[in-house]
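Asks: Before we start, here is the structure in question, set down as structure tokens.
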Amino acid sequence: MALRKLASEAATGLGVRWAAAPVASSSSTKTAIASVFSRGFATVMDGFKYAKSHEYVNMDGDVATIGISDFAQSELGDVVYVELPEVGSELTKGETFGVVESVKAASDVYAPVSGEVVEVNESLSDDPSKVNSEPFEGGWMMKVKVSDASDADALLDAKAYEAHCESGGH
């Protein structure tokens, strides 16, 4: 119980949602522990918006910082290469804008909003593992001047995205 309280306080202080597996009785302890270790445990940031294809959007005025979610990077495994669009490129919501390659697979990345690319995270060329180690901080992919604010409004909030991931949404 002390660990649960500590985890809850730390998550709340960081503005992160988390959920611990419930432990109903000592006879179900082994099952509960097994379920915690067998499923991925991903961070979902409050205030961010998420596409069902696992890209996130963090709006700051009319500029969206875009990357792949913690859930997505954990499913991919160790990221070894990231292909991003050029600054000035126009993105259309739902269309691919790049590729993330990991030791497991290569995956297209889709634009969660439409707009113009105003900045790309050049540091990912030298260190693509930032997508794994800090997907919301140093692992962001690009910044986009959003052409239609309703694009972001139509995305999932943190709670809905968390439910999407828990339901096996891929």
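Residue names in the structure tokens use chain letters A, B, ... in the order shown, residue numbers from 1 in each chain, and ligand numbers from 1 in the order shown.
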If we count only C-alpha atoms and set the cut-off at 10 Å, which residues sit around A:Tyr81, ignoring sequence neighbours fewer than 3 positions away in its own chain? Please answer as a PDB file with C-alpha atoms, in the first residue's frame.
Replies:
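Wrote out.pdb, looks like this:
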ATOM      1  CA  ASP A  78      14.124   0.377 -29.249  1.00  0.00           C
ATOM      2  CA  LEU A  84      10.580  13.449 -40.419  1.00  0.00           C
ATOM      3  CA  VAL A  99       8.512   6.707 -40.347  1.00  0.00           C
ATOM      4  CA  VAL A 100       9.771   5.347 -37.053  1.00  0.00           C
ATOM      5  CA  GLU A 101      12.049   2.318 -37.293  1.00  0.00           C
ATOM      6  CA  SER A 102      12.797   0.113 -34.330  1.00  0.00           C
ATOM      7  CA  VAL A 103      14.616  -3.146 -33.790  1.00  0.00           C
ATOM      8  CA  ALA A 106       9.166   0.114 -39.215  1.00  0.00           C
ATOM      9  CA  LEU A 124      16.397  12.734 -33.261  1.00  0.00           C
ATOM     10  CA  SER A 125      18.784  12.292 -36.213  1.00  0.00           C
ATOM     11  CA  ASP A 126      21.667  11.801 -33.802  1.00  0.00           C
ATOM     12  CA  ASP A 127      19.737  10.148 -30.987  1.00  0.00           C
ATOM     13  CA  PRO A 128      16.456   8.509 -32.070  1.00  0.00           C
ATOM     14  CA  SER A 129      16.332   6.669 -28.734  1.00  0.00           C
ATOM     15  CA  VAL A 131      11.581   8.704 -28.632  1.00  0.00           C
TER      16      VAL A 131
END
Asks: Would you list the contacts of stretch 65-72 of chain A as a list in words, taking every protein, DNA or RNA residue within 7 Å and counting only C-alpha atoms, but skipping same-chain residues closer than 6 positions in sequence?
Replies: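 The residues that qualify are Ala42, Thr43, His54, Glu55, Tyr56, Val57, Asn58, Met59, Pro135, Trp140, Met141, Met142, Lys143 and Val144 of chain A.
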Asks: So that I have them on file, write out the residues from the current selection with N, CA and C atoms, as a tab-separated table (two decimals), in the first residue's frame.
Replies:
chain	number	residue	atom	x	y	z
A	42	ALA	N	2.01	2.43	-19.69
A	42	ALA	CA	2.38	3.62	-20.44
A	42	ALA	C	1.91	4.89	-19.73
A	43	THR	N	2.70	5.92	-19.88
A	43	THR	CA	2.37	7.23	-19.34
A	43	THR	C	1.44	7.94	-20.32
A	54	HIS	N	-1.98	6.59	-32.15
A	54	HIS	CA	-0.98	6.74	-31.09
A	54	HIS	C	0.00	7.90	-31.25
A	55	GLU	N	-0.37	8.92	-32.00
A	55	GLU	CA	0.39	10.16	-32.01
A	55	GLU	C	-0.24	11.10	-30.98
A	56	TYR	N	0.59	11.93	-30.37
A	56	TYR	CA	0.05	12.91	-29.43
A	56	TYR	C	0.20	14.32	-29.99
A	57	VAL	N	-0.63	15.22	-29.45
A	57	VAL	CA	-0.60	16.64	-29.79
A	57	VAL	C	-0.60	17.42	-28.48
A	58	ASN	N	0.34	18.33	-28.35
A	58	ASN	CA	0.35	19.25	-27.21
A	58	ASN	C	0.24	20.65	-27.80
A	59	MET	N	-0.93	21.26	-27.64
A	59	MET	CA	-1.21	22.57	-28.24
A	59	MET	C	-0.63	23.70	-27.38
A	135	PRO	N	9.51	10.39	-24.58
A	135	PRO	CA	8.63	10.67	-25.73
A	135	PRO	C	7.93	12.02	-25.67
A	140	TRP	N	9.93	14.53	-28.86
A	140	TRP	CA	8.91	15.07	-29.76
A	140	TRP	C	9.47	15.08	-31.18
A	141	MET	N	8.59	15.06	-32.17
A	141	MET	CA	9.04	14.94	-33.55
A	141	MET	C	9.02	16.26	-34.32
A	142	MET	N	7.94	17.00	-34.19
A	142	MET	CA	7.83	18.24	-34.95
A	142	MET	C	6.83	19.18	-34.31
A	143	LYS	N	6.88	20.42	-34.78
A	143	LYS	CA	5.90	21.43	-34.38
A	143	LYS	C	5.19	21.88	-35.65
A	144	VAL	N	3.86	21.99	-35.54
A	144	VAL	CA	3.02	22.30	-36.69
A	144	VAL	C	2.12	23.48	-36.37
Asks: Which is closer to A:Gly98 than all the others in A:Val113, A:Leu76, A:Val118, A:Val82, using only C-alpha atoms?
Replies: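 Result for the nearest residue to A:Gly98: A:Val82.
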Asks: Taking into account only C-alpha atoms, which residue in the set A:Glu95, A:Glu75, A:Asp62, A:Glu137 is nearest to A:Ser150?
Replies: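 The shortest atom-to-atom distance to A:Ser150 comes from A:Asp62.
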Asks: For atom CA of A:Asn121 and atom CA of A:Gly138, quote the distance in Å rounded to one decimal.
Replies: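 Between atom CA of A:Asn121 and atom CA of A:Gly138 the gap works out to 8.2 Å.
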Asks: Do you know which residues are at most 8 Å from A:Pro85 counting only C-alpha atoms, after dropping those on the same chain fewer than 3 positions away, and could you put them as JSON, numbers by chain?
Replies: {"A": [89, 97, 98, 117, 120]}
Asks: Go ahead and write the residues just picked, all heavy atoms, as a PDB file, in the first residue's frame.
Replies:
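Just written: selection_16.pdb:
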ATOM      1  N   SER A  89       6.763  21.912 -44.963  1.00  0.00           N
ATOM      2  CA  SER A  89       5.860  20.908 -45.536  1.00  0.00           C
ATOM      3  C   SER A  89       4.446  21.119 -45.015  1.00  0.00           C
ATOM      4  O   SER A  89       4.251  21.524 -43.868  1.00  0.00           O
ATOM      5  CB  SER A  89       6.298  19.494 -45.153  1.00  0.00           C
ATOM      6  OG  SER A  89       7.577  19.210 -45.610  1.00  0.00           O
ATOM      7  N   PHE A  97       3.332  11.241 -42.272  1.00  0.00           N
ATOM      8  CA  PHE A  97       4.305  12.329 -42.358  1.00  0.00           C
ATOM      9  C   PHE A  97       5.720  11.825 -42.155  1.00  0.00           C
ATOM     10  O   PHE A  97       6.686  12.546 -42.365  1.00  0.00           O
ATOM     11  CB  PHE A  97       4.001  13.455 -41.362  1.00  0.00           C
ATOM     12  CG  PHE A  97       4.221  13.100 -39.908  1.00  0.00           C
ATOM     13  CD1 PHE A  97       5.491  13.062 -39.352  1.00  0.00           C
ATOM     14  CD2 PHE A  97       3.142  12.838 -39.081  1.00  0.00           C
ATOM     15  CE1 PHE A  97       5.690  12.757 -38.007  1.00  0.00           C
ATOM     16  CE2 PHE A  97       3.317  12.544 -37.742  1.00  0.00           C
ATOM     17  CZ  PHE A  97       4.596  12.496 -37.200  1.00  0.00           C
ATOM     18  N   GLY A  98       5.870  10.579 -41.743  1.00  0.00           N
ATOM     19  CA  GLY A  98       7.202  10.055 -41.488  1.00  0.00           C
ATOM     20  C   GLY A  98       7.163   8.595 -41.120  1.00  0.00           C
ATOM     21  O   GLY A  98       6.120   7.931 -41.193  1.00  0.00           O
ATOM     22  N   VAL A 117       4.492  22.446 -41.157  1.00  0.00           N
ATOM     23  CA  VAL A 117       5.599  22.087 -40.266  1.00  0.00           C
ATOM     24  C   VAL A 117       6.468  23.330 -40.083  1.00  0.00           C
ATOM     25  O   VAL A 117       6.997  23.876 -41.055  1.00  0.00           O
ATOM     26  CB  VAL A 117       6.430  20.920 -40.836  1.00  0.00           C
ATOM     27  CG1 VAL A 117       7.609  20.605 -39.910  1.00  0.00           C
ATOM     28  CG2 VAL A 117       5.563  19.691 -41.046  1.00  0.00           C
ATOM     29  N   VAL A 120      11.271  20.858 -36.821  1.00  0.00           N
ATOM     30  CA  VAL A 120      11.430  19.422 -36.597  1.00  0.00           C
ATOM     31  C   VAL A 120      12.502  19.238 -35.533  1.00  0.00           C
ATOM     32  O   VAL A 120      13.380  20.094 -35.360  1.00  0.00           O
ATOM     33  CB  VAL A 120      11.789  18.635 -37.884  1.00  0.00           C
ATOM     34  CG1 VAL A 120      10.649  18.682 -38.880  1.00  0.00           C
ATOM     35  CG2 VAL A 120      13.081  19.099 -38.491  1.00  0.00           C
TER      36      VAL A 120
END
Asks: Closest to A:Ala149 among A:Gly77, A:Gly88, A:Glu83, A:Lys93, using only C-alpha atoms?
Replies: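 The closest residue to A:Ala149 is A:Lys93.
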Asks: Distance atom CA of A:Gly115-atom CA of A:Val44, one decimal place?
Replies: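 One can read the atom CA of A:Gly115 to atom CA of A:Val44 distance as 24.2 Å.
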Asks: Atom CA of A:Tyr50 and atom CA of A:Gly168 are how many Å apart?
Replies: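 Separation between atom CA of A:Tyr50 and atom CA of A:Gly168: 15.1 Å.
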Asks: With a distance cut-off of 12 Å and only C-alpha atoms, select the neighbouring residues of A:His164, excluding the residue or stretch itself and same-chain residues fewer than 3 positions from it, and output the selection as a count of residues only.
Replies: 18
Asks: For the strand (DSSP E or B) assignment from backbone DSSP, which residues of stretch 23-158 of chain A qualify? Please present them as a VMD selection string.
Replies: chain A and resid 44 to 45 49 to 50 55 to 60 63 to 68 79 to 83 90 to 91 96 to 102 106 to 110 115 to 120 142 to 146 156
Asks: How would the residues just picked look written out with N, CA and C atoms as a CSV table (one decimal), in the first residue's frame?
Replies:
chain,number,residue,atom,x,y,z
A,44,VAL,N,0.4,8.6,-19.8
A,44,VAL,CA,-0.5,9.4,-20.6
A,44,VAL,C,-0.5,10.8,-19.9
A,45,MET,N,-0.2,11.8,-20.7
A,45,MET,CA,-0.1,13.1,-20.1
A,45,MET,C,-1.4,13.9,-20.2
A,49,LYS,N,-3.6,15.8,-26.4
A,49,LYS,CA,-4.7,15.1,-27.2
A,49,LYS,C,-4.0,13.9,-27.9
A,50,TYR,N,-4.7,12.9,-28.2
A,50,TYR,CA,-4.1,11.7,-28.8
A,50,TYR,C,-5.0,11.2,-30.0
A,55,GLU,N,-0.4,8.9,-32.0
A,55,GLU,CA,0.4,10.2,-32.0
A,55,GLU,C,-0.2,11.1,-31.0
A,56,TYR,N,0.6,11.9,-30.4
A,56,TYR,CA,0.1,12.9,-29.4
A,56,TYR,C,0.2,14.3,-30.0
A,57,VAL,N,-0.6,15.2,-29.5
A,57,VAL,CA,-0.6,16.6,-29.8
A,57,VAL,C,-0.6,17.4,-28.5
A,58,ASN,N,0.3,18.3,-28.4
A,58,ASN,CA,0.4,19.2,-27.2
A,58,ASN,C,0.2,20.7,-27.8
A,59,MET,N,-0.9,21.3,-27.6
A,59,MET,CA,-1.2,22.6,-28.2
A,59,MET,C,-0.6,23.7,-27.4
A,60,ASP,N,0.0,24.7,-28.1
A,60,ASP,CA,0.4,25.9,-27.5
A,60,ASP,C,0.0,27.0,-28.4
A,63,VAL,N,0.1,26.3,-32.4
A,63,VAL,CA,1.2,25.4,-32.7
A,63,VAL,C,1.1,24.1,-31.9
A,64,ALA,N,1.1,23.0,-32.6
A,64,ALA,CA,1.0,21.7,-32.0
A,64,ALA,C,2.4,21.0,-32.0
A,65,THR,N,2.8,20.6,-30.8
A,65,THR,CA,4.0,19.7,-30.7
A,65,THR,C,3.5,18.3,-30.9
A,66,ILE,N,4.1,17.5,-31.8
A,66,ILE,CA,3.6,16.2,-32.2
A,66,ILE,C,4.7,15.2,-32.0
A,67,GLY,N,4.3,14.0,-31.5
A,67,GLY,CA,5.2,12.9,-31.3
A,67,GLY,C,4.4,11.6,-31.2
A,68,ILE,N,5.1,10.5,-30.9
A,68,ILE,CA,4.3,9.3,-30.7
A,68,ILE,C,4.2,9.1,-29.2
A,79,VAL,N,13.9,2.4,-30.6
A,79,VAL,CA,13.8,3.1,-31.9
A,79,VAL,C,15.3,3.4,-32.3
A,80,VAL,N,15.5,3.1,-33.6
A,80,VAL,CA,16.9,3.3,-34.2
A,80,VAL,C,16.9,4.3,-35.3
A,81,TYR,N,15.8,4.7,-35.8
A,81,TYR,CA,15.8,5.7,-36.9
A,81,TYR,C,14.4,6.4,-36.9
A,82,VAL,N,14.4,7.7,-37.2
A,82,VAL,CA,13.2,8.5,-37.3
A,82,VAL,C,13.3,9.3,-38.6
A,83,GLU,N,12.3,9.2,-39.5
A,83,GLU,CA,12.2,10.0,-40.7
A,83,GLU,C,11.1,11.1,-40.5
A,90,GLU,N,3.5,20.8,-45.9
A,90,GLU,CA,2.1,20.9,-45.5
A,90,GLU,C,1.6,19.5,-45.1
A,91,LEU,N,1.0,19.3,-43.9
A,91,LEU,CA,0.5,18.0,-43.5
A,91,LEU,C,-1.1,18.0,-43.6
A,96,THR,N,0.3,10.0,-43.7
A,96,THR,CA,1.6,9.8,-43.1
A,96,THR,C,2.5,11.0,-43.3
A,97,PHE,N,3.3,11.2,-42.3
A,97,PHE,CA,4.3,12.3,-42.4
A,97,PHE,C,5.7,11.8,-42.2
A,98,GLY,N,5.9,10.6,-41.7
A,98,GLY,CA,7.2,10.1,-41.5
A,98,GLY,C,7.2,8.6,-41.1
A,99,VAL,N,8.3,8.1,-40.7
A,99,VAL,CA,8.5,6.7,-40.3
A,99,VAL,C,9.3,6.6,-39.1
A,100,VAL,N,9.0,5.7,-38.2
A,100,VAL,CA,9.8,5.3,-37.1
A,100,VAL,C,10.2,3.9,-37.2
A,101,GLU,N,11.5,3.7,-37.2
A,101,GLU,CA,12.0,2.3,-37.3
A,101,GLU,C,12.6,1.9,-35.9
A,102,SER,N,12.3,0.7,-35.6
A,102,SER,CA,12.8,0.1,-34.3
A,102,SER,C,13.5,-1.2,-34.6
A,106,ALA,N,9.3,-1.3,-38.7
A,106,ALA,CA,9.2,0.1,-39.2
A,106,ALA,C,7.7,0.5,-39.2
A,107,SER,N,7.4,1.7,-38.8
A,107,SER,CA,6.0,2.0,-38.7
A,107,SER,C,5.8,3.5,-39.2
A,108,ASP,N,4.7,3.6,-40.1
A,108,ASP,CA,4.4,4.9,-40.5
A,108,ASP,C,3.8,5.7,-39.4
A,109,VAL,N,4.0,7.0,-39.4
A,109,VAL,CA,3.5,8.0,-38.4
A,109,VAL,C,2.5,8.9,-39.1
A,110,TYR,N,1.4,9.1,-38.5
A,110,TYR,CA,0.3,9.8,-39.2
A,110,TYR,C,0.1,11.2,-38.5
A,115,GLY,N,-1.7,21.1,-41.1
A,115,GLY,CA,-1.0,22.4,-41.0
A,115,GLY,C,0.4,22.4,-41.6
A,116,GLU,N,1.1,23.4,-41.3
A,116,GLU,CA,2.5,23.6,-41.8
A,116,GLU,C,3.5,23.3,-40.8
A,117,VAL,N,4.5,22.4,-41.2
A,117,VAL,CA,5.6,22.1,-40.3
A,117,VAL,C,6.5,23.3,-40.1
A,118,VAL,N,6.6,23.8,-38.8
A,118,VAL,CA,7.4,25.0,-38.5
A,118,VAL,C,8.7,24.6,-37.9
A,119,GLU,N,8.8,23.4,-37.4
A,119,GLU,CA,10.1,23.0,-36.7
A,119,GLU,C,10.1,21.5,-36.6
A,120,VAL,N,11.3,20.9,-36.8
A,120,VAL,CA,11.4,19.4,-36.6
A,120,VAL,C,12.5,19.2,-35.5
A,142,MET,N,7.9,17.0,-34.2
A,142,MET,CA,7.8,18.2,-35.0
A,142,MET,C,6.8,19.2,-34.3
A,143,LYS,N,6.9,20.4,-34.8
A,143,LYS,CA,5.9,21.4,-34.4
A,143,LYS,C,5.2,21.9,-35.6
A,144,VAL,N,3.9,22.0,-35.5
A,144,VAL,CA,3.0,22.3,-36.7
A,144,VAL,C,2.1,23.5,-36.4
A,145,LYS,N,2.1,24.5,-37.3
A,145,LYS,CA,1.1,25.6,-37.2
A,145,LYS,C,-0.2,25.0,-37.7
A,146,VAL,N,-1.1,24.8,-36.8
A,146,VAL,CA,-2.4,24.1,-37.1
A,146,VAL,C,-3.3,25.0,-38.0
A,156,LEU,N,-8.6,12.3,-29.0
A,156,LEU,CA,-9.0,11.8,-27.7
A,156,LEU,C,-8.3,12.6,-26.6
Asks: Run DSSP on the backbone and grab whatever in stretch 82-140 of chain A lands in alpha helix (DSSP H); send it over as a ChimeraX atom specification.
Replies: /A:123-126,130-133
Asks: For the residues in the current selection, export C-alpha atoms as a tab-separated table (two decimals), in the first residue's frame.
Replies:
chain	number	residue	atom	x	y	z
A	123	SER	CA	18.27	15.92	-32.31
A	124	LEU	CA	16.40	12.73	-33.26
A	125	SER	CA	18.78	12.29	-36.21
A	126	ASP	CA	21.67	11.80	-33.80
A	130	LYS	CA	14.92	9.89	-27.21
A	131	VAL	CA	11.58	8.70	-28.63
A	132	ASN	CA	11.84	5.81	-26.15
A	133	SER	CA	13.45	7.51	-23.18
